[in-house]
$ cat run_0.pdb   # PDB, C-alpha atoms and all ligand atoms
MODEL        1
ATOM      1  CA  MET I 889    -114.384 -45.689  12.758
ATOM      2  CA  LEU I 890    -110.912 -45.714  14.241
ATOM      3  CA  VAL I 891    -110.276 -43.281  17.090
ATOM      4  CA  ALA I 892    -106.703 -42.163  17.824
ATOM      5  CA  ARG I 893    -105.747 -40.028  20.796
ATOM      6  CA  THR I 894    -101.971 -40.289  20.641
ATOM      7  CA  ARG I 895     -99.430 -39.770  17.876
ATOM      8  CA  ALA I 896     -98.532 -43.475  18.023
ATOM      9  CA  GLU I 897    -102.185 -44.502  17.585
ATOM     10  CA  LEU I 898    -102.544 -42.044  14.715
ATOM     11  CA  THR I 899     -99.475 -43.405  12.900
ATOM     12  CA  GLU I 900    -100.688 -46.985  13.305
ATOM     13  CA  ALA I 901    -104.211 -46.154  12.101
ATOM     14  CA  LEU I 902    -102.900 -44.276   9.057
ATOM     15  CA  VAL I 903    -100.705 -47.221   8.023
ATOM     16  CA  SER I 904    -103.744 -49.504   7.934
ATOM     17  CA  LEU I 905    -105.934 -46.934   6.151
ATOM     18  CA  ARG I 906    -103.313 -46.289   3.470
ATOM     19  CA  ALA I 907    -102.996 -50.011   2.644
ATOM     20  CA  GLY I 908    -103.276 -50.614  -1.087
ATOM     21  CA  GLY I 909    -102.244 -47.046  -1.870
ATOM     22  CA  ARG I 910    -105.476 -45.395  -0.783
ATOM     23  CA  SER I 911    -105.377 -41.595  -0.695
ATOM     24  CA  VAL I 912    -106.240 -39.705   2.482
ATOM     25  CA  GLY I 913    -108.356 -36.547   2.832
ATOM     26  CA  LEU I 914    -108.067 -34.640   6.120
ATOM     27  CA  VAL I 915    -110.659 -32.295   7.627
ATOM     28  CA  PRO I 916    -109.266 -30.432  10.657
ATOM     29  CA  THR I 917    -111.887 -29.129  13.115
ATOM     30  CA  MET I 918    -112.236 -27.863  16.657
ATOM     31  CA  GLY I 919    -115.265 -30.104  17.228
ATOM     32  CA  PHE I 920    -118.804 -29.349  18.410
ATOM     33  CA  LEU I 921    -119.658 -30.398  14.901
ATOM     34  CA  HIS I 922    -122.480 -29.061  12.745
ATOM     35  CA  GLN I 923    -123.608 -29.574   9.163
ATOM     36  CA  GLY I 924    -120.932 -27.171   7.920
ATOM     37  CA  HIS I 925    -118.185 -29.414   9.274
ATOM     38  CA  LEU I 926    -119.939 -32.533   8.010
ATOM     39  CA  SER I 927    -120.278 -31.102   4.505
ATOM     40  CA  LEU I 928    -116.476 -30.841   4.428
ATOM     41  CA  MET I 929    -116.226 -34.586   5.148
ATOM     42  CA  ASP I 930    -118.227 -35.107   1.936
ATOM     43  CA  VAL I 931    -115.921 -32.753   0.011
ATOM     44  CA  ALA I 932    -112.933 -34.746   1.295
ATOM     45  CA  GLY I 933    -114.651 -37.950   0.151
ATOM     46  CA  VAL I 934    -114.895 -36.577  -3.385
ATOM     47  CA  HIS I 935    -111.138 -35.924  -3.499
ATOM     48  CA  ALA I 936    -109.710 -38.874  -1.528
ATOM     49  CA  ASP I 937    -110.358 -42.588  -0.926
ATOM     50  CA  VAL I 938    -110.382 -42.301   2.865
ATOM     51  CA  VAL I 939    -111.691 -39.391   4.967
ATOM     52  CA  VAL I 940    -110.009 -38.603   8.276
ATOM     53  CA  ALA I 941    -110.839 -35.806  10.718
ATOM     54  CA  SER I 942    -109.194 -34.148  13.677
ATOM     55  CA  ILE I 943    -110.878 -32.547  16.652
ATOM     56  CA  PHE I 944    -108.556 -30.268  18.558
ATOM     57  CA  VAL I 945    -109.325 -26.974  20.267
ATOM     58  CA  ASN I 946    -105.994 -25.333  19.584
ATOM     59  CA  PRO I 947    -104.862 -23.079  22.459
ATOM     60  CA  LEU I 948    -102.318 -21.311  20.204
ATOM     61  CA  GLN I 949    -105.039 -19.567  18.214
ATOM     62  CA  PHE I 950    -106.889 -18.114  21.212
ATOM     63  CA  ALA I 951    -105.801 -14.864  22.840
ATOM     64  CA  PRO I 952    -105.811 -14.873  26.667
ATOM     65  CA  SER I 953    -109.010 -12.766  26.566
ATOM     66  CA  GLU I 954    -110.794 -15.210  24.250
ATOM     67  CA  ASP I 955    -113.055 -18.210  24.801
ATOM     68  CA  LEU I 956    -110.619 -21.159  24.997
ATOM     69  CA  ALA I 957    -111.938 -22.437  28.351
ATOM     70  CA  SER I 958    -115.602 -22.055  27.413
ATOM     71  CA  TYR I 959    -115.322 -23.245  23.798
ATOM     72  CA  PRO I 960    -118.206 -25.742  23.348
ATOM     73  CA  ARG I 961    -117.265 -29.432  23.339
ATOM     74  CA  ASP I 962    -119.242 -32.662  22.936
ATOM     75  CA  GLU I 963    -116.912 -35.491  22.081
ATOM     76  CA  GLY I 964    -119.484 -38.310  22.187
ATOM     77  CA  ARG I 965    -121.842 -36.553  19.795
ATOM     78  CA  ASP I 966    -118.978 -35.524  17.484
ATOM     79  CA  LEU I 967    -117.701 -39.101  17.217
ATOM     80  CA  ALA I 968    -121.198 -40.406  16.436
ATOM     81  CA  LEU I 969    -121.672 -37.758  13.714
ATOM     82  CA  LEU I 970    -118.294 -38.521  12.130
ATOM     83  CA  GLU I 971    -118.981 -42.238  12.145
ATOM     84  CA  GLN I 972    -122.425 -41.734  10.545
ATOM     85  CA  ARG I 973    -120.789 -39.605   7.871
ATOM     86  CA  GLY I 974    -118.417 -42.405   6.910
ATOM     87  CA  VAL I 975    -115.241 -40.921   8.368
ATOM     88  CA  ALA I 976    -112.611 -43.649   8.745
ATOM     89  CA  LEU I 977    -110.466 -42.138  11.497
ATOM     90  CA  ALA I 978    -110.928 -39.429  14.112
ATOM     91  CA  PHE I 979    -107.865 -37.965  15.836
ATOM     92  CA  LEU I 980    -108.576 -36.343  19.206
ATOM     93  CA  PRO I 981    -105.229 -35.409  20.704
ATOM     94  CA  SER I 982    -104.739 -33.784  24.079
ATOM     95  CA  VAL I 983    -102.844 -30.491  24.237
ATOM     96  CA  GLU I 984     -99.853 -32.479  25.582
ATOM     97  CA  GLN I 985     -99.953 -34.821  22.569
ATOM     98  CA  MET I 986     -99.991 -31.894  20.151
ATOM     99  CA  TYR I 987     -97.463 -29.747  21.988
ATOM    100  CA  PRO I 988     -95.340 -32.202  23.996
ATOM    101  CA  GLY I 989     -92.719 -29.631  24.902
ATOM    102  CA  GLY I 990     -95.178 -26.833  25.603
ATOM    103  CA  ASP I 991     -95.716 -24.089  23.029
ATOM    104  CA  PRO I 992     -93.586 -24.768  19.937
ATOM    105  CA  GLN I 993     -90.330 -22.806  19.701
ATOM    106  CA  VAL I 994     -90.878 -22.293  15.991
ATOM    107  CA  ALA I 995     -94.200 -21.113  14.576
ATOM    108  CA  VAL I 996     -95.543 -20.225  11.138
ATOM    109  CA  SER I 997     -95.829 -16.473  10.672
ATOM    110  CA  ALA I 998     -98.966 -15.412   8.823
ATOM    111  CA  GLY I 999     -97.244 -12.304   7.411
ATOM    112  CA  ALA I1000     -99.012  -9.115   6.379
ATOM    113  CA  LEU I1001    -102.272 -10.835   5.433
ATOM    114  CA  GLY I1002    -102.376 -12.320   8.917
ATOM    115  CA  ARG I1003    -102.612  -8.805  10.356
ATOM    116  CA  ARG I1004    -105.537  -7.665   8.197
ATOM    117  CA  LEU I1005    -109.303  -8.325   8.416
ATOM    118  CA  CYS I1006    -109.829 -10.714  11.354
ATOM    119  CA  GLY I1007    -106.104 -10.596  12.111
ATOM    120  CA  ALA I1008    -106.370  -6.886  12.948
ATOM    121  CA  PHE I1009    -108.763  -7.760  15.770
ATOM    122  CA  ARG I1010    -107.184 -11.069  16.790
ATOM    123  CA  PRO I1011    -103.402 -10.527  16.905
ATOM    124  CA  GLY I1012    -101.513 -13.827  16.695
ATOM    125  CA  HIS I1013    -104.631 -15.798  15.781
ATOM    126  CA  PHE I1014    -103.524 -16.804  12.301
ATOM    127  CA  GLN I1015    -100.026 -17.695  13.460
ATOM    128  CA  GLY I1016    -101.699 -20.122  15.875
ATOM    129  CA  VAL I1017    -103.922 -21.480  13.113
ATOM    130  CA  LEU I1018    -101.105 -21.942  10.599
ATOM    131  CA  THR I1019     -98.862 -23.566  13.187
ATOM    132  CA  VAL I1020    -101.451 -26.161  14.188
ATOM    133  CA  VAL I1021    -102.427 -26.824  10.571
ATOM    134  CA  ALA I1022     -98.731 -27.290   9.676
ATOM    135  CA  LYS I1023     -98.439 -29.769  12.545
ATOM    136  CA  LEU I1024    -101.587 -31.643  11.533
ATOM    137  CA  LEU I1025    -100.363 -31.833   7.930
ATOM    138  CA  GLY I1026     -97.046 -33.170   9.239
ATOM    139  CA  LEU I1027     -98.746 -35.749  11.450
ATOM    140  CA  PHE I1028    -101.268 -36.987   8.869
ATOM    141  CA  ARG I1029     -99.326 -36.393   5.619
ATOM    142  CA  PRO I1030    -102.698 -36.296   3.805
ATOM    143  CA  ASP I1031    -103.059 -36.138   0.034
ATOM    144  CA  VAL I1032    -105.685 -33.424   0.384
ATOM    145  CA  ALA I1033    -106.887 -31.225   3.235
ATOM    146  CA  VAL I1034    -110.283 -29.536   3.234
ATOM    147  CA  PHE I1035    -111.315 -26.217   4.792
ATOM    148  CA  GLY I1036    -114.524 -24.186   4.834
ATOM    149  CA  ARG I1037    -114.945 -20.963   2.900
ATOM    150  CA  LYS I1038    -116.732 -19.518   5.925
ATOM    151  CA  ASP I1039    -113.225 -18.931   7.313
ATOM    152  CA  LEU I1040    -112.156 -17.144   4.163
ATOM    153  CA  GLN I1041    -108.938 -15.668   5.523
ATOM    154  CA  GLN I1042    -107.916 -18.920   7.171
ATOM    155  CA  ALA I1043    -108.387 -20.845   3.908
ATOM    156  CA  ALA I1044    -106.456 -18.196   1.938
ATOM    157  CA  LEU I1045    -103.562 -18.218   4.413
ATOM    158  CA  ILE I1046    -103.402 -22.020   4.442
ATOM    159  CA  ARG I1047    -103.188 -22.067   0.644
ATOM    160  CA  ILE I1048    -100.390 -19.477   0.814
ATOM    161  CA  MET I1049     -98.542 -21.435   3.528
ATOM    162  CA  VAL I1050     -98.744 -24.686   1.559
ATOM    163  CA  ARG I1051     -97.491 -22.918  -1.551
ATOM    164  CA  ASP I1052     -94.760 -20.832   0.099
ATOM    165  CA  LEU I1053     -93.427 -23.696   2.236
ATOM    166  CA  GLU I1054     -93.800 -26.381  -0.474
ATOM    167  CA  MET I1055     -95.915 -28.580   1.776
ATOM    168  CA  GLY I1056     -97.030 -30.829  -1.060
ATOM    169  CA  VAL I1057    -100.670 -31.242  -0.086
ATOM    170  CA  ARG I1058    -103.719 -30.290  -2.125
ATOM    171  CA  ILE I1059    -106.062 -27.800  -0.477
ATOM    172  CA  GLU I1060    -109.764 -27.924  -1.267
ATOM    173  CA  THR I1061    -112.528 -25.764   0.155
ATOM    174  CA  GLY I1062    -116.253 -26.227   0.721
ATOM    175  CA  PRO I1063    -119.079 -23.667   0.573
ATOM    176  CA  ILE I1064    -120.646 -22.011   3.623
ATOM    177  CA  VAL I1065    -123.469 -24.049   5.123
ATOM    178  CA  ARG I1066    -126.224 -21.888   6.625
ATOM    179  CA  GLU I1067    -129.181 -22.222   8.941
ATOM    180  CA  ALA I1068    -132.623 -21.851   7.322
ATOM    181  CA  ASP I1069    -132.613 -18.109   8.114
ATOM    182  CA  GLY I1070    -129.208 -17.582   6.519
ATOM    183  CA  LEU I1071    -127.005 -17.485   9.617
ATOM    184  CA  ALA I1072    -123.707 -19.202   8.787
ATOM    185  CA  MET I1073    -123.367 -22.310  10.922
ATOM    186  CA  SER I1074    -120.713 -22.012  13.606
ATOM    187  CA  SER I1075    -119.922 -23.850  16.812
ATOM    188  CA  ARG I1076    -119.968 -20.425  18.466
ATOM    189  CA  ASN I1077    -123.651 -19.908  17.553
ATOM    190  CA  ALA I1078    -124.314 -22.020  20.663
ATOM    191  CA  TYR I1079    -123.291 -18.972  22.723
ATOM    192  CA  LEU I1080    -126.095 -16.781  21.333
ATOM    193  CA  ARG I1081    -128.938 -15.908  23.709
ATOM    194  CA  SER I1082    -132.388 -16.004  22.098
ATOM    195  CA  GLU I1083    -132.620 -12.280  21.382
ATOM    196  CA  GLU I1084    -129.084 -12.347  19.919
ATOM    197  CA  ARG I1085    -129.924 -15.401  17.826
ATOM    198  CA  ALA I1086    -132.887 -13.462  16.438
ATOM    199  CA  GLN I1087    -130.602 -10.622  15.280
ATOM    200  CA  ALA I1088    -127.657 -12.712  14.061
ATOM    201  CA  PRO I1089    -129.097 -13.459  10.578
ATOM    202  CA  ALA I1090    -128.764  -9.714   9.857
ATOM    203  CA  ILE I1091    -125.165 -10.393   8.807
ATOM    204  CA  PHE I1092    -126.253 -12.620   5.950
ATOM    205  CA  GLN I1093    -129.182 -10.300   5.178
ATOM    206  CA  ALA I1094    -126.729  -7.398   4.957
ATOM    207  CA  LEU I1095    -124.528  -9.356   2.546
ATOM    208  CA  SER I1096    -127.600 -10.384   0.550
ATOM    209  CA  ASP I1097    -128.822  -6.757   0.376
ATOM    210  CA  ALA I1098    -125.432  -5.782  -1.058
ATOM    211  CA  ARG I1099    -125.628  -8.641  -3.545
ATOM    212  CA  GLU I1100    -129.036  -7.354  -4.649
ATOM    213  CA  ARG I1101    -127.541  -3.929  -5.295
ATOM    214  CA  TRP I1102    -124.699  -5.609  -7.212
ATOM    215  CA  ASP I1103    -127.314  -7.487  -9.251
ATOM    216  CA  GLU I1104    -128.961  -4.124  -9.983
ATOM    217  CA  GLY I1105    -125.663  -2.884 -11.408
ATOM    218  CA  VAL I1106    -124.038  -1.082  -8.464
ATOM    219  CA  ARG I1107    -120.227  -1.457  -8.732
ATOM    220  CA  ASP I1108    -119.134   1.210  -6.270
ATOM    221  CA  VAL I1109    -117.408  -0.391  -3.264
ATOM    222  CA  ASP I1110    -118.491   2.322  -0.811
ATOM    223  CA  LYS I1111    -122.136   2.019  -1.826
ATOM    224  CA  LEU I1112    -122.141  -1.754  -1.429
ATOM    225  CA  LEU I1113    -120.311  -1.604   1.901
ATOM    226  CA  SER I1114    -122.652   1.136   3.192
ATOM    227  CA  THR I1115    -125.546  -1.191   2.426
ATOM    228  CA  VAL I1116    -123.876  -3.863   4.572
ATOM    229  CA  ARG I1117    -122.980  -1.473   7.391
ATOM    230  CA  ASN I1118    -126.417   0.156   7.517
ATOM    231  CA  ARG I1119    -128.239  -3.149   7.705
ATOM    232  CA  ILE I1120    -126.083  -4.357  10.585
ATOM    233  CA  ALA I1121    -126.246  -0.982  12.368
ATOM    234  CA  ARG I1122    -130.028  -1.390  12.618
ATOM    235  CA  GLN I1123    -129.526  -4.306  15.038
ATOM    236  CA  GLY I1124    -129.249  -3.086  18.608
ATOM    237  CA  LEU I1125    -127.230  -6.077  19.789
ATOM    238  CA  MET I1126    -124.744  -6.073  16.920
ATOM    239  CA  ASP I1127    -121.450  -4.278  16.690
ATOM    240  CA  LEU I1128    -119.643  -4.382  13.352
ATOM    241  CA  GLN I1129    -115.869  -4.933  13.382
ATOM    242  CA  TYR I1130    -115.307  -4.688   9.650
ATOM    243  CA  ALA I1131    -117.063  -4.914   6.313
ATOM    244  CA  GLU I1132    -114.681  -5.141   3.364
ATOM    245  CA  ALA I1133    -114.709  -5.947  -0.315
ATOM    246  CA  VAL I1134    -111.705  -8.124  -1.108
ATOM    247  CA  HIS I1135    -110.058 -10.084  -3.895
ATOM    248  CA  PRO I1136    -110.956 -13.786  -3.461
ATOM    249  CA  GLN I1137    -107.367 -15.090  -3.354
ATOM    250  CA  THR I1138    -105.160 -12.282  -2.112
ATOM    251  CA  LEU I1139    -107.860 -10.770   0.152
ATOM    252  CA  GLU I1140    -106.538  -7.323  -0.809
ATOM    253  CA  SER I1141    -109.208  -4.615  -0.579
ATOM    254  CA  VAL I1142    -110.547  -3.747  -4.017
ATOM    255  CA  ASP I1143    -111.392  -0.260  -5.358
ATOM    256  CA  ARG I1144    -113.940  -1.561  -7.754
ATOM    257  CA  VAL I1145    -116.181  -4.559  -7.341
ATOM    258  CA  ASN I1146    -115.890  -7.298  -9.958
ATOM    259  CA  VAL I1147    -117.187 -10.818 -10.499
ATOM    260  CA  GLY I1148    -115.463 -12.919  -7.816
ATOM    261  CA  THR I1149    -115.055 -10.056  -5.327
ATOM    262  CA  VAL I1150    -115.882 -11.245  -1.824
ATOM    263  CA  LEU I1151    -117.732  -9.145   0.746
ATOM    264  CA  ALA I1152    -116.425 -10.118   4.177
ATOM    265  CA  VAL I1153    -117.878  -9.172   7.552
ATOM    266  CA  ALA I1154    -117.036  -9.674  11.220
ATOM    267  CA  ALA I1155    -119.414  -8.455  13.897
ATOM    268  CA  TYR I1156    -120.131  -9.012  17.536
ATOM    269  CA  CYS I1157    -123.610 -10.198  18.346
ATOM    270  CA  GLY I1158    -123.768  -9.597  22.083
ATOM    271  CA  THR I1159    -120.452 -11.059  23.247
ATOM    272  CA  THR I1160    -120.170 -13.571  20.408
ATOM    273  CA  ARG I1161    -117.960 -12.752  17.448
ATOM    274  CA  LEU I1162    -119.454 -13.893  14.134
ATOM    275  CA  ILE I1163    -117.938 -13.881  10.643
ATOM    276  CA  ASP I1164    -119.467 -14.371   7.232
ATOM    277  CA  ASN I1165    -118.750 -13.631   3.598
ATOM    278  CA  LEU I1166    -120.369 -13.699   0.198
ATOM    279  CA  GLU I1167    -118.825 -13.953  -3.239
ATOM    280  CA  LEU I1168    -120.340 -11.758  -5.909
ATOM    281  CA  SER I1169    -120.918 -13.750  -9.053
TER     282      SER I1169
HETATM  283  P1  LIG V   1    -113.758 -24.967  13.276
HETATM  284  O1  LIG V   1    -114.208 -26.204  13.998
HETATM  285  O2  LIG V   1    -114.595 -23.769  13.553
HETATM  286  O3  LIG V   1    -112.274 -24.732  13.391
HETATM  287  O4  LIG V   1    -114.005 -25.250  11.737
HETATM  288  C1  LIG V   1    -113.443 -26.377  11.112
HETATM  289  C2  LIG V   1    -113.626 -26.255   9.618
HETATM  290  O5  LIG V   1    -115.016 -26.165   9.317
HETATM  291  C3  LIG V   1    -112.981 -24.974   9.056
HETATM  292  O6  LIG V   1    -112.356 -25.286   7.825
HETATM  293  C4  LIG V   1    -114.167 -24.060   8.870
HETATM  294  O7  LIG V   1    -113.976 -23.118   7.850
HETATM  295  C5  LIG V   1    -115.255 -25.043   8.495
HETATM  296  N1  LIG V   1    -116.579 -24.493   8.770
HETATM  297  C6  LIG V   1    -117.010 -23.916   9.906
HETATM  298  N2  LIG V   1    -118.275 -23.477   9.765
HETATM  299  C7  LIG V   1    -118.652 -23.779   8.489
HETATM  300  C8  LIG V   1    -119.839 -23.572   7.727
HETATM  301  N3  LIG V   1    -120.916 -22.977   8.243
HETATM  302  N4  LIG V   1    -119.869 -24.011   6.459
HETATM  303  C9  LIG V   1    -118.778 -24.630   5.918
HETATM  304  N5  LIG V   1    -117.631 -24.852   6.587
HETATM  305  C10 LIG V   1    -117.562 -24.434   7.844
ENDMDL
END

$ encode --input "run_0.pdb" --output "structure tokens"
Amino acid sequence: MLVARTRAELTEALVSLRAGGRSVGLVPTMGFLHQGHLSLMDVAGVHADVVVASIFVNPLQFAPSEDLASYPRDEGRDLALLEQRGVALAFLPSVEQMYPGGDPQVAVSAGALGRRLCGAFRPGHFQGVLTVVAKLLGLFRPDVAVFGRKDLQQAALIRIMVRDLEMGVRIETGPIVREADGLAMSSRNAYLRSEERAQAPAIFQALSDARERWDEGVRDVDKLLSTVRNRIARQGLMDLQYAEAVHPQTLESVDRVNVGTVLAVAAYCGTTRLIDNLELS
């Protein structure tokens, strides 16, 4: 596996990987990799000849009060996992390599959708995400870029950005990979203390309870969302931020639940913010 830490090394590596007209599939990550990230490498491999990944904890998407300094990192382990998974190139830039002149003067606004759902609780977060993804797409010029459906709003906004700004890259997504007890895998799960870890699967259980009611024929949004809220409220260490039923592409709230409607949740478990979602099908 090639490892690039500078823009110059990245450019050189990409020239060699593209030899013979091979297509490139990019998976951007913030590292501290788990099976969810690695599953996206496989998705990229289905859609492109060569899989490349980036590991960059992007300061622009963290508010001053958030966990930038403590975000978990393990570069050696990440590189070994990427290599085992058949990734051809890992890009691990420093903050100075990504933002040579300091914070960029121009950023990508996430618009109204960027202020809803998670954006309502994390002002500026999606602008930071879109700006770094735009930069990574500019640096790699991949044929396809792959994102996880765990970060539903992020994936939706990236699709909108690529469409609205004619970025000419295909966006693919991969399903949520979960622990055996249903908890969606996340690098931030490493923060959970044991009693929090024991309660955290309640988010998925809450979504699954609502899906059961949907399967029984319940179509009323309030009833399904009450099921979610009540299940999470039973956990002493959990504090719900939102539970919403949204359209899968626009993420607009829906009045009536239909096939394809997504139930989306964000909740604190202790001091760790967790997100999850489930598509009703
Ligand atoms: P992150 O390192 O958290 O920025 O995530 C990098 C990519 O992995 C994003 O596209 C996430 O949506 C995706 N991802 C994170 N957790 C999971 C998961 N449990 N299942 C599938 N994809 C995931």

$ closest_atom_pairs --input "run_0.pdb" --of "chain I" --to "ligand LIG 1 (chain V)" --cutoff "10 Å" --atoms "only C-alpha atoms and all ligand atoms" --output "JSON lines"
{"residue": "I:Val915", "atom": "CA", "partner": "V:LIG1", "partner_atom": "C2", "distance": 7.0}
{"residue": "I:Pro916", "atom": "CA", "partner": "V:LIG1", "partner_atom": "C1", "distance": 5.8}
{"residue": "I:Thr917", "atom": "CA", "partner": "V:LIG1", "partner_atom": "C1", "distance": 3.7}
{"residue": "I:Met918", "atom": "CA", "partner": "V:LIG1", "partner_atom": "O1", "distance": 3.7}
{"residue": "I:Gly919", "atom": "CA", "partner": "V:LIG1", "partner_atom": "O1", "distance": 5.2}
{"residue": "I:Phe920", "atom": "CA", "partner": "V:LIG1", "partner_atom": "O1", "distance": 7.1}
{"residue": "I:Leu921", "atom": "CA", "partner": "V:LIG1", "partner_atom": "O1", "distance": 6.9}
{"residue": "I:His922", "atom": "CA", "partner": "V:LIG1", "partner_atom": "N2", "distance": 7.6}
{"residue": "I:Gln923", "atom": "CA", "partner": "V:LIG1", "partner_atom": "N3", "distance": 7.2}
{"residue": "I:Gly924", "atom": "CA", "partner": "V:LIG1", "partner_atom": "N4", "distance": 3.6}
{"residue": "I:His925", "atom": "CA", "partner": "V:LIG1", "partner_atom": "O5", "distance": 4.5}
{"residue": "I:Leu926", "atom": "CA", "partner": "V:LIG1", "partner_atom": "N5", "distance": 8.1}
{"residue": "I:Ser927", "atom": "CA", "partner": "V:LIG1", "partner_atom": "C9", "distance": 6.8}
{"residue": "I:Leu928", "atom": "CA", "partner": "V:LIG1", "partner_atom": "N5", "distance": 6.5}
{"residue": "I:Met929", "atom": "CA", "partner": "V:LIG1", "partner_atom": "O5", "distance": 9.5}
{"residue": "I:Ala941", "atom": "CA", "partner": "V:LIG1", "partner_atom": "C1", "distance": 9.8}
{"residue": "I:Ser942", "atom": "CA", "partner": "V:LIG1", "partner_atom": "C1", "distance": 9.2}
{"residue": "I:Ile943", "atom": "CA", "partner": "V:LIG1", "partner_atom": "O1", "distance": 7.6}
{"residue": "I:Phe944", "atom": "CA", "partner": "V:LIG1", "partner_atom": "O1", "distance": 8.3}
{"residue": "I:Val945", "atom": "CA", "partner": "V:LIG1", "partner_atom": "O3", "distance": 7.8}
{"residue": "I:Asn946", "atom": "CA", "partner": "V:LIG1", "partner_atom": "O3", "distance": 8.8}
{"residue": "I:Val1017", "atom": "CA", "partner": "V:LIG1", "partner_atom": "O3", "distance": 9.0}
{"residue": "I:Ala1033", "atom": "CA", "partner": "V:LIG1", "partner_atom": "O6", "distance": 9.3}
{"residue": "I:Val1034", "atom": "CA", "partner": "V:LIG1", "partner_atom": "O6", "distance": 6.6}
{"residue": "I:Phe1035", "atom": "CA", "partner": "V:LIG1", "partner_atom": "O6", "distance": 3.3}
{"residue": "I:Gly1036", "atom": "CA", "partner": "V:LIG1", "partner_atom": "O7", "distance": 3.2}
{"residue": "I:Arg1037", "atom": "CA", "partner": "V:LIG1", "partner_atom": "O7", "distance": 5.5}
{"residue": "I:Lys1038", "atom": "CA", "partner": "V:LIG1", "partner_atom": "O7", "distance": 4.9}
{"residue": "I:Asp1039", "atom": "CA", "partner": "V:LIG1", "partner_atom": "O7", "distance": 4.3}
{"residue": "I:Leu1040", "atom": "CA", "partner": "V:LIG1", "partner_atom": "O7", "distance": 7.3}
{"residue": "I:Gln1041", "atom": "CA", "partner": "V:LIG1", "partner_atom": "O7", "distance": 9.3}
{"residue": "I:Gln1042", "atom": "CA", "partner": "V:LIG1", "partner_atom": "O7", "distance": 7.4}
{"residue": "I:Ala1043", "atom": "CA", "partner": "V:LIG1", "partner_atom": "O6", "distance": 7.1}
{"residue": "I:Glu1060", "atom": "CA", "partner": "V:LIG1", "partner_atom": "O6", "distance": 9.8}
{"residue": "I:Thr1061", "atom": "CA", "partner": "V:LIG1", "partner_atom": "O6", "distance": 7.7}
{"residue": "I:Gly1062", "atom": "CA", "partner": "V:LIG1", "partner_atom": "C9", "distance": 6.0}
{"residue": "I:Pro1063", "atom": "CA", "partner": "V:LIG1", "partner_atom": "C9", "distance": 5.4}
{"residue": "I:Ile1064", "atom": "CA", "partner": "V:LIG1", "partner_atom": "N4", "distance": 3.6}
{"residue": "I:Val1065", "atom": "CA", "partner": "V:LIG1", "partner_atom": "N4", "distance": 3.8}
{"residue": "I:Arg1066", "atom": "CA", "partner": "V:LIG1", "partner_atom": "N3", "distance": 5.7}
{"residue": "I:Glu1067", "atom": "CA", "partner": "V:LIG1", "partner_atom": "N3", "distance": 8.3}
{"residue": "I:Leu1071", "atom": "CA", "partner": "V:LIG1", "partner_atom": "N3", "distance": 8.3}
{"residue": "I:Ala1072", "atom": "CA", "partner": "V:LIG1", "partner_atom": "N3", "distance": 4.7}
{"residue": "I:Met1073", "atom": "CA", "partner": "V:LIG1", "partner_atom": "N3", "distance": 3.7}
{"residue": "I:Ser1074", "atom": "CA", "partner": "V:LIG1", "partner_atom": "N2", "distance": 4.8}
{"residue": "I:Ser1075", "atom": "CA", "partner": "V:LIG1", "partner_atom": "O2", "distance": 6.2}
{"residue": "I:Arg1076", "atom": "CA", "partner": "V:LIG1", "partner_atom": "O2", "distance": 8.0}
{"residue": "I:Ile1163", "atom": "CA", "partner": "V:LIG1", "partner_atom": "N2", "distance": 9.6}
{"residue": "I:Asp1164", "atom": "CA", "partner": "V:LIG1", "partner_atom": "N3", "distance": 8.8}

$ atom_distance --input "run_0.pdb" --atom1 "atom CA of Thr1019 of chain I" --atom2 "atom CA of Ala1154 of chain I"
23.0 Å

$ closest_residue --input "run_0.pdb" --among "I:Thr1159, I:Gly1148, I:Leu1128, I:Gly989" --to "Ala1094 of chain I" --atoms "only C-alpha atoms"
I:Leu1128

$ closest_residue --input "run_0.pdb" --among "I:Thr1160, I:Gln1129, I:Asn1146, I:Asn1077" --to "Arg1099 of chain I" --atoms "all atoms listed in the file"
I:Asn1146

$ atom_distance --input "run_0.pdb" --atom1 "atom CA of Gly933 of chain I" --atom2 "atom CA of Arg906 of chain I"
14.5 Å
